[in-house]
Every structure is written in C-alpha cells, then in structure tokens.
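Structure file model.tsv (TSV, N, CA and C atoms) follows.
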```
chain	number	residue	atom	x	y	z
L	1	MET	N	-80.49	122.14	-76.74
L	1	MET	CA	-80.92	121.59	-75.46
L	1	MET	C	-81.24	122.74	-74.50
L	2	VAL	N	-82.37	122.64	-73.80
L	2	VAL	CA	-82.81	123.68	-72.88
L	2	VAL	C	-82.36	123.32	-71.47
L	3	PRO	N	-81.73	124.24	-70.75
L	3	PRO	CA	-81.32	123.94	-69.37
L	3	PRO	C	-82.53	123.64	-68.49
L	4	LYS	N	-82.34	122.81	-67.45
L	4	LYS	CA	-83.42	122.40	-66.55
L	4	LYS	C	-84.11	123.57	-65.89
L	5	ILE	N	-83.40	124.60	-65.59
L	5	ILE	CA	-83.98	125.75	-64.89
L	5	ILE	C	-85.12	126.37	-65.68
L	6	PHE	N	-85.02	126.34	-67.03
L	6	PHE	CA	-86.09	126.91	-67.86
L	6	PHE	C	-87.36	126.08	-67.78
L	7	GLY	N	-87.23	124.75	-67.61
L	7	GLY	CA	-88.40	123.90	-67.45
L	7	GLY	C	-89.17	124.28	-66.20
L	8	SER	N	-88.47	124.56	-65.12
L	8	SER	CA	-89.13	124.96	-63.87
L	8	SER	C	-89.76	126.33	-64.00
L	9	VAL	N	-89.06	127.25	-64.66
L	9	VAL	CA	-89.58	128.61	-64.83
L	9	VAL	C	-90.81	128.59	-65.72
L	10	CYS	N	-90.82	127.73	-66.74
L	10	CYS	CA	-91.96	127.67	-67.66
L	10	CYS	C	-93.17	127.04	-67.00
L	11	THR	N	-93.01	126.11	-66.08
L	11	THR	CA	-94.17	125.49	-65.44
L	11	THR	C	-94.72	126.34	-64.31
L	12	LEU	N	-93.95	127.24	-63.76
L	12	LEU	CA	-94.41	128.08	-62.66
L	12	LEU	C	-95.64	128.90	-63.04
L	13	PRO	N	-95.66	129.60	-64.19
L	13	PRO	CA	-96.89	130.35	-64.55
L	13	PRO	C	-98.10	129.44	-64.70
L	14	PHE	N	-97.91	128.26	-65.26
L	14	PHE	CA	-99.01	127.32	-65.41
L	14	PHE	C	-99.59	126.95	-64.05
L	15	LEU	N	-98.72	126.64	-63.08
L	15	LEU	CA	-99.18	126.28	-61.74
L	15	LEU	C	-99.87	127.44	-61.06
L	16	LEU	N	-99.37	128.65	-61.23
L	16	LEU	CA	-100.00	129.81	-60.62
L	16	LEU	C	-101.40	130.03	-61.18
L	17	ILE	N	-101.56	129.84	-62.50
L	17	ILE	CA	-102.88	129.98	-63.12
L	17	ILE	C	-103.82	128.90	-62.58
L	18	GLN	N	-103.34	127.67	-62.45
L	18	GLN	CA	-104.17	126.59	-61.93
L	18	GLN	C	-104.59	126.87	-60.48
L	19	CYS	N	-103.67	127.39	-59.67
L	19	CYS	CA	-104.00	127.71	-58.28
L	19	CYS	C	-105.02	128.83	-58.22
L	20	ALA	N	-104.90	129.81	-59.09
L	20	ALA	CA	-105.85	130.92	-59.12
L	20	ALA	C	-107.23	130.42	-59.54
L	21	MET	N	-107.28	129.48	-60.51
L	21	MET	CA	-108.55	128.94	-60.97
L	21	MET	C	-109.20	128.07	-59.92
L	22	ALA	N	-108.42	127.51	-58.99
L	22	ALA	CA	-108.97	126.63	-57.96
L	22	ALA	C	-110.01	127.36	-57.12
L	23	GLY	N	-109.83	128.65	-56.94
L	23	GLY	CA	-110.77	129.43	-56.15
L	23	GLY	C	-112.06	129.73	-56.87
L	24	THR	N	-112.12	129.55	-58.21
L	24	THR	CA	-113.33	129.86	-58.96
L	24	THR	C	-114.37	128.77	-58.85
L	25	GLY	N	-113.98	127.58	-58.47
L	25	GLY	CA	-114.92	126.47	-58.35
L	25	GLY	C	-115.03	125.64	-59.61
L	26	ALA	N	-114.53	126.15	-60.74
L	26	ALA	CA	-114.64	125.41	-61.99
L	26	ALA	C	-113.85	124.11	-61.93
L	27	HIS	N	-112.65	124.16	-61.46
L	27	HIS	CA	-111.80	122.97	-61.35
L	27	HIS	C	-111.26	122.89	-59.93
L	28	MET	N	-112.12	123.03	-58.99
L	28	MET	CA	-111.67	123.17	-57.60
L	28	MET	C	-110.91	121.95	-57.11
L	29	ASN	N	-111.40	120.75	-57.36
L	29	ASN	CA	-110.73	119.55	-56.85
L	29	ASN	C	-109.34	119.39	-57.43
L	30	SER	N	-109.20	119.49	-58.75
L	30	SER	CA	-107.89	119.30	-59.37
L	30	SER	C	-106.95	120.43	-58.99
L	31	GLY	N	-107.45	121.65	-58.87
L	31	GLY	CA	-106.61	122.78	-58.50
L	31	GLY	C	-106.09	122.66	-57.09
L	32	LEU	N	-106.95	122.23	-56.17
L	32	LEU	CA	-106.52	122.10	-54.79
L	32	LEU	C	-105.45	121.03	-54.64
L	33	LEU	N	-105.62	119.92	-55.32
L	33	LEU	CA	-104.60	118.87	-55.25
L	33	LEU	C	-103.30	119.34	-55.85
L	34	LEU	N	-103.39	120.05	-56.94
L	34	LEU	CA	-102.21	120.52	-57.63
L	34	LEU	C	-101.41	121.51	-56.79
L	35	CYS	N	-102.11	122.28	-55.96
L	35	CYS	CA	-101.45	123.34	-55.21
L	35	CYS	C	-101.03	122.93	-53.81
L	36	GLN	N	-101.22	121.68	-53.44
L	36	GLN	CA	-100.78	121.21	-52.14
L	36	GLN	C	-99.32	120.76	-52.23
L	37	PRO	N	-98.53	120.99	-51.18
L	37	PRO	CA	-97.16	120.48	-51.22
L	37	PRO	C	-97.17	118.95	-51.19
L	38	ALA	N	-96.34	118.35	-52.02
L	38	ALA	CA	-96.28	116.89	-52.08
L	38	ALA	C	-95.50	116.36	-50.88
L	39	PRO	N	-96.01	115.29	-50.24
L	39	PRO	CA	-95.25	114.70	-49.13
L	39	PRO	C	-93.94	114.12	-49.66
L	40	MET	N	-92.89	114.32	-48.90
L	40	MET	CA	-91.57	113.85	-49.31
L	40	MET	C	-91.07	112.78	-48.34
L	41	CYS	N	-90.34	111.84	-48.89
L	41	CYS	CA	-89.66	110.80	-48.12
L	41	CYS	C	-88.21	110.84	-48.58
L	42	GLY	N	-87.37	111.46	-47.79
L	42	GLY	CA	-86.01	111.71	-48.26
L	42	GLY	C	-86.10	112.72	-49.38
L	43	HIS	N	-85.70	112.33	-50.58
L	43	HIS	CA	-85.77	113.22	-51.74
L	43	HIS	C	-86.83	112.76	-52.73
L	44	ARG	N	-87.71	111.84	-52.31
L	44	ARG	CA	-88.72	111.30	-53.21
L	44	ARG	C	-90.12	111.63	-52.72
L	45	MET	N	-91.04	111.89	-53.67
L	45	MET	CA	-92.44	112.13	-53.34
L	45	MET	C	-93.16	110.79	-53.19
L	46	TYR	N	-94.22	110.79	-52.35
L	46	TYR	CA	-95.02	109.58	-52.21
L	46	TYR	C	-96.49	109.94	-52.04
L	47	ASN	N	-97.37	108.96	-52.24
L	47	ASN	CA	-98.82	109.14	-52.13
L	47	ASN	C	-99.25	108.68	-50.74
L	48	PRO	N	-99.62	109.60	-49.83
L	48	PRO	CA	-99.97	109.21	-48.47
L	48	PRO	C	-101.28	108.41	-48.36
L	49	LEU	N	-102.05	108.33	-49.43
L	49	LEU	CA	-103.26	107.51	-49.42
L	49	LEU	C	-102.93	106.03	-49.63
L	50	GLU	N	-101.74	105.74	-50.17
L	50	GLU	CA	-101.34	104.37	-50.45
L	50	GLU	C	-100.03	103.98	-49.80
L	51	GLN	N	-99.23	104.97	-49.39
L	51	GLN	CA	-97.87	104.70	-48.93
L	51	GLN	C	-97.56	105.51	-47.67
L	52	CYS	N	-96.45	105.14	-47.02
L	52	CYS	CA	-95.94	105.92	-45.90
L	52	CYS	C	-94.43	106.02	-46.04
L	53	CYS	N	-93.85	106.90	-45.24
L	53	CYS	CA	-92.41	107.07	-45.22
L	53	CYS	C	-91.91	106.55	-43.88
L	54	ASP	N	-91.07	105.54	-43.91
L	54	ASP	CA	-90.52	104.94	-42.69
L	54	ASP	C	-89.00	104.94	-42.81
L	55	ASP	N	-88.33	105.81	-42.05
L	55	ASP	CA	-86.87	105.93	-42.10
L	55	ASP	C	-86.36	106.15	-43.53
L	56	ASP	N	-86.93	107.13	-44.21
L	56	ASP	CA	-86.56	107.49	-45.59
L	56	ASP	C	-86.78	106.35	-46.60
L	57	THR	N	-87.69	105.44	-46.26
L	57	THR	CA	-88.07	104.36	-47.17
L	57	THR	C	-89.57	104.43	-47.40
L	58	ILE	N	-89.99	104.40	-48.66
L	58	ILE	CA	-91.42	104.42	-48.99
L	58	ILE	C	-91.96	103.00	-48.92
L	59	LEU	N	-93.01	102.82	-48.09
L	59	LEU	CA	-93.64	101.51	-47.91
L	59	LEU	C	-95.11	101.60	-48.26
L	60	LEU	N	-95.70	100.48	-48.70
L	60	LEU	CA	-97.14	100.40	-48.89
L	60	LEU	C	-97.80	100.39	-47.51
L	61	LEU	N	-98.97	101.02	-47.38
L	61	LEU	CA	-99.66	101.10	-46.09
L	61	LEU	C	-100.00	99.72	-45.53
L	62	ASN	N	-100.29	98.74	-46.39
L	62	ASN	CA	-100.70	97.42	-45.91
L	62	ASN	C	-99.53	96.46	-45.69
L	63	ARG	N	-98.32	96.92	-45.81
L	63	ARG	CA	-97.15	96.05	-45.63
L	63	ARG	C	-96.97	95.70	-44.16
L	64	THR	N	-96.63	94.45	-43.89
L	64	THR	CA	-96.36	94.01	-42.53
L	64	THR	C	-94.93	93.50	-42.42
L	65	ARG	N	-94.44	93.47	-41.19
L	65	ARG	CA	-93.11	92.93	-40.88
L	65	ARG	C	-93.21	92.11	-39.61
L	66	LEU	N	-92.19	91.31	-39.37
L	66	LEU	CA	-92.13	90.54	-38.13
L	66	LEU	C	-91.60	91.39	-36.99
L	67	CYS	N	-92.19	91.20	-35.82
L	67	CYS	CA	-91.72	91.82	-34.58
L	67	CYS	C	-91.42	90.66	-33.66
L	68	GLY	N	-90.16	90.30	-33.54
L	68	GLY	CA	-89.82	89.08	-32.83
L	68	GLY	C	-90.06	87.89	-33.73
L	69	PRO	N	-90.03	86.70	-33.17
L	69	PRO	CA	-90.14	85.51	-34.01
L	69	PRO	C	-91.55	85.19	-34.51
L	70	ASN	N	-92.60	85.68	-33.84
L	70	ASN	CA	-93.95	85.23	-34.23
L	70	ASN	C	-95.03	86.31	-34.06
L	71	CYS	N	-94.69	87.55	-34.32
L	71	CYS	CA	-95.64	88.64	-34.15
L	71	CYS	C	-95.47	89.58	-35.35
L	72	THR	N	-96.57	89.99	-35.95
L	72	THR	CA	-96.48	90.92	-37.09
L	72	THR	C	-96.95	92.30	-36.66
L	73	PHE	N	-96.48	93.30	-37.39
L	73	PHE	CA	-96.90	94.68	-37.15
L	73	PHE	C	-96.88	95.44	-38.46
L	74	TRP	N	-97.59	96.57	-38.50
L	74	TRP	CA	-97.63	97.44	-39.67
L	74	TRP	C	-96.65	98.59	-39.44
L	75	PRO	N	-95.51	98.61	-40.14
L	75	PRO	CA	-94.51	99.65	-39.90
L	75	PRO	C	-94.99	101.07	-40.22
L	76	CYS	N	-96.04	101.21	-41.01
L	76	CYS	CA	-96.59	102.54	-41.28
L	76	CYS	C	-97.36	103.08	-40.07
L	77	LEU	N	-97.89	102.20	-39.24
L	77	LEU	CA	-98.75	102.60	-38.14
L	77	LEU	C	-98.20	102.25	-36.76
L	78	GLU	N	-97.24	101.33	-36.73
L	78	GLU	CA	-96.77	100.80	-35.45
L	78	GLU	C	-95.25	100.71	-35.39
L	79	LEU	N	-94.76	100.57	-34.17
L	79	LEU	CA	-93.33	100.35	-33.91
L	79	LEU	C	-93.15	98.98	-33.29
L	80	CYS	N	-92.06	98.30	-33.60
L	80	CYS	CA	-91.70	97.05	-32.93
L	80	CYS	C	-90.62	97.40	-31.92
L	81	CYS	N	-90.92	97.19	-30.64
L	81	CYS	CA	-90.01	97.62	-29.58
L	81	CYS	C	-89.56	96.45	-28.72
L	82	PRO	N	-88.25	96.21	-28.63
L	82	PRO	CA	-87.76	95.18	-27.71
L	82	PRO	C	-87.92	95.68	-26.27
L	83	GLU	N	-88.51	94.86	-25.41
L	83	GLU	CA	-88.70	95.23	-24.02
L	83	GLU	C	-87.63	94.61	-23.13
L	84	SER	N	-87.14	93.46	-23.53
L	84	SER	CA	-86.08	92.80	-22.77
L	84	SER	C	-85.17	92.06	-23.73
L	85	PHE	N	-83.95	91.81	-23.30
L	85	PHE	CA	-82.95	91.16	-24.14
L	85	PHE	C	-82.52	89.84	-23.51
L	86	GLY	N	-81.68	89.10	-24.21
L	86	GLY	CA	-81.21	87.81	-23.70
L	86	GLY	C	-82.05	86.69	-24.27
L	87	PRO	N	-81.95	85.50	-23.64
L	87	PRO	CA	-82.67	84.34	-24.18
L	87	PRO	C	-84.19	84.48	-24.09
L	88	GLN	N	-84.70	85.25	-23.15
L	88	GLN	CA	-86.15	85.45	-22.99
L	88	GLN	C	-86.57	86.81	-23.54
L	89	ARG	N	-86.12	87.12	-24.75
L	89	ARG	CA	-86.46	88.42	-25.34
L	89	ARG	C	-87.97	88.60	-25.44
L	90	ARG	N	-88.42	89.81	-25.15
L	90	ARG	CA	-89.84	90.14	-25.23
L	90	ARG	C	-90.00	91.37	-26.11
L	91	PHE	N	-90.99	91.32	-27.01
L	91	PHE	CA	-91.25	92.43	-27.92
L	91	PHE	C	-92.65	92.98	-27.67
L	92	VAL	N	-92.78	94.29	-27.82
L	92	VAL	CA	-94.05	94.98	-27.67
L	92	VAL	C	-94.28	95.81	-28.93
L	93	VAL	N	-95.51	95.77	-29.44
L	93	VAL	CA	-95.88	96.60	-30.58
L	93	VAL	C	-96.53	97.86	-30.01
L	94	ARG	N	-96.02	99.01	-30.43
L	94	ARG	CA	-96.53	100.30	-29.95
L	94	ARG	C	-97.07	101.10	-31.13
L	95	LEU	N	-98.01	101.99	-30.85
L	95	LEU	CA	-98.63	102.81	-31.89
L	95	LEU	C	-97.75	104.01	-32.23
L	96	LYS	N	-97.67	104.32	-33.51
L	96	LYS	CA	-97.02	105.56	-33.93
L	96	LYS	C	-98.03	106.69	-33.73
L	97	ILE	N	-97.57	107.82	-33.30
L	97	ILE	CA	-98.45	108.96	-33.09
L	97	ILE	C	-98.34	109.86	-34.30
L	98	GLN	N	-99.47	110.09	-34.97
L	98	GLN	CA	-99.51	110.88	-36.21
L	98	GLN	C	-98.92	112.27	-36.00
L	99	GLY	N	-98.03	112.67	-36.89
L	99	GLY	CA	-97.46	114.01	-36.87
L	99	GLY	C	-96.33	114.20	-35.88
L	100	MET	N	-95.92	113.14	-35.20
L	100	MET	CA	-94.82	113.24	-34.23
L	100	MET	C	-93.78	112.19	-34.55
L	101	LYS	N	-92.57	112.42	-34.06
L	101	LYS	CA	-91.51	111.42	-34.17
L	101	LYS	C	-91.74	110.40	-33.06
L	102	SER	N	-92.28	109.25	-33.41
L	102	SER	CA	-92.62	108.23	-32.41
L	102	SER	C	-91.38	107.49	-31.94
L	103	ARG	N	-91.36	107.20	-30.65
L	103	ARG	CA	-90.26	106.46	-30.03
L	103	ARG	C	-90.83	105.37	-29.13
L	104	CYS	N	-90.08	104.29	-28.98
L	104	CYS	CA	-90.55	103.16	-28.19
L	104	CYS	C	-90.87	103.54	-26.75
L	105	HIS	N	-90.07	104.35	-26.13
L	105	HIS	CA	-90.28	104.64	-24.71
L	105	HIS	C	-91.47	105.55	-24.43
L	106	SER	N	-91.96	106.27	-25.44
L	106	SER	CA	-93.04	107.22	-25.19
L	106	SER	C	-94.35	106.91	-25.93
L	107	SER	N	-94.36	105.92	-26.80
L	107	SER	CA	-95.58	105.60	-27.57
L	107	SER	C	-96.47	104.63	-26.81
L	108	PRO	N	-97.80	104.74	-26.99
L	108	PRO	CA	-98.72	103.83	-26.29
L	108	PRO	C	-98.61	102.40	-26.80
L	109	ILE	N	-98.80	101.44	-25.91
L	109	ILE	CA	-98.71	100.02	-26.26
L	109	ILE	C	-99.96	99.60	-27.04
L	110	SER	N	-99.73	98.90	-28.14
L	110	SER	CA	-100.81	98.32	-28.92
L	110	SER	C	-101.05	96.88	-28.46
L	111	ARG	N	-99.97	96.10	-28.36
L	111	ARG	CA	-100.07	94.71	-27.90
L	111	ARG	C	-98.68	94.18	-27.54
L	112	VAL	N	-98.68	93.15	-26.70
L	112	VAL	CA	-97.45	92.47	-26.32
L	112	VAL	C	-97.35	91.21	-27.16
L	113	CYS	N	-96.20	90.99	-27.77
L	113	CYS	CA	-96.02	89.81	-28.62
L	113	CYS	C	-95.77	88.58	-27.76
L	114	ALA	N	-96.40	87.47	-28.15
L	114	ALA	CA	-96.20	86.22	-27.43
L	114	ALA	C	-94.77	85.73	-27.63
L	115	ARG	N	-94.27	85.04	-26.64
L	115	ARG	CA	-92.88	84.52	-26.72
L	115	ARG	C	-92.78	83.28	-27.54
```
Full structure transcribed into structure tokens:
Amino acid sequence: MVPKIFGSVCTLPFLLIQCAMAGTGAHMNSGLLLCQPAPMCGHRMYNPLEQCCDDDTILLLNRTRLCGPNCTFWPCLELCCPESFGPQRRFVVRLKIQGMKSRCHSSPISRVCAR
C-alpha cells in the first residue's frame, strides 16, 4: 500500500507540466482550467457555474427558498431579511454583493415581501 503523500507528490509534476503547456497554446483551455484554484465550500470543492456556497453548504444556483410565508428568494444571489418581528412580521429580500460578506443591514433591497 502506498501512503497518500506519495499520490500528491506524484501528481505534482504532472500538474506542473500541464501548467507549463498551457502557455504554449496547444491545450490552453484545459491547462488554464486545470491550473486555477478550485472554489471551496468548507472542505469541499464546488462548480461555481452550477453551484454556490451558502454558509458552508453547496447549493444549486437555481434553488429557491421561502422568505416569510409567501415570498421566494434565491439563496445563492439574495438574502432573506426580517425587517420587523411580532404578529405583523415583515420580510425584505436583499441582494448579495459578489465577493463580499453580505449582511442584511448593508445590502441593497431587491424587493419587499407581501404580508
């Protein structure tokens, strides 16, 4: 049985050769993708063209959730923010800002959910 460390050491030269070949133009597309750091969600990789990372959970980009009793939002792109509490609770959907840690108090309003 070969220790795991040797598997990583053996693939490193292969990756370096692929990255070097990416500059030649012969396999530019595959080399560039191979040499990009993979997006991580917690300790797992994900495909940002199909998925997002929301609180260390990988979600499909088209997944929706309820915001209040009768309003939907896309958790990959939006936040569901309670604006008031009690029997007349009001919810507002706000936009997530790409590349930043979005918060309800500082994100722009997308829409107000009907009561």
Q: Kindly provide, as a PyMOL selection string, the polymer residues lying within 6 Å of (-95.5, 95.8, -27.7), counting all atoms listed in the file and using the coordinates exactly as they appear in the file.
A: chain L and resi 81+91-94+109-113
Q: Would you mind reading off the distance between atom C of Gly86 (chain L) and atom C of Cys71 (chain L), one decimal, in Å?
A: 17.6 Å
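Nearest to Ile58 (chain L) of all the residues L:Cys35, L:Ala114, L:Cys41, L:Cys80 is L:Cys41, counting only N, CA and C atoms.
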Build an axis-aligned box that encloses every atom of region 41-50 of chain L listed in the file, pad it by 8 Å on each side, and report its centre and edge lengths in Å to one decimal, as JSON.
```
{"center_x": -94.5, "center_y": 108.6, "center_z": -50.7, "size_x": 33.6, "size_y": 25.2, "size_z": 21.9}
```
Q: For Cys76 (chain L), work out the shell of residues within 7 Å, counting all atoms listed in the file and skipping chain neighbours fewer than 5 positions away, then give it as a PyMOL selection string.
A: chain L and resi 52-54+60-61+63+96
(Q) Between atom N of Ser107 (chain L) and atom C of Glu78 (chain L), what is the distance in Å, rounded to a tenth? (A)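 Value for the atom N of Ser107 (chain L)-atom C of Glu78 (chain L) distance: 10.1 Å.
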Q. Interatomic distance between atom C of Gly68 (chain L) and atom N of Ser102 (chain L)?
A.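 Separation between atom C of Gly68 (chain L) and atom N of Ser102 (chain L): 21.5 Å.
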Q: Check the smallest atom-to-atom distance from each of L:Leu77, L:Glu83, L:Asp56, L:Gln36 to Met100 (chain L) using only C-alpha atoms, then report the winner.
A: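 The closest residue to Met100 (chain L) is L:Leu77.
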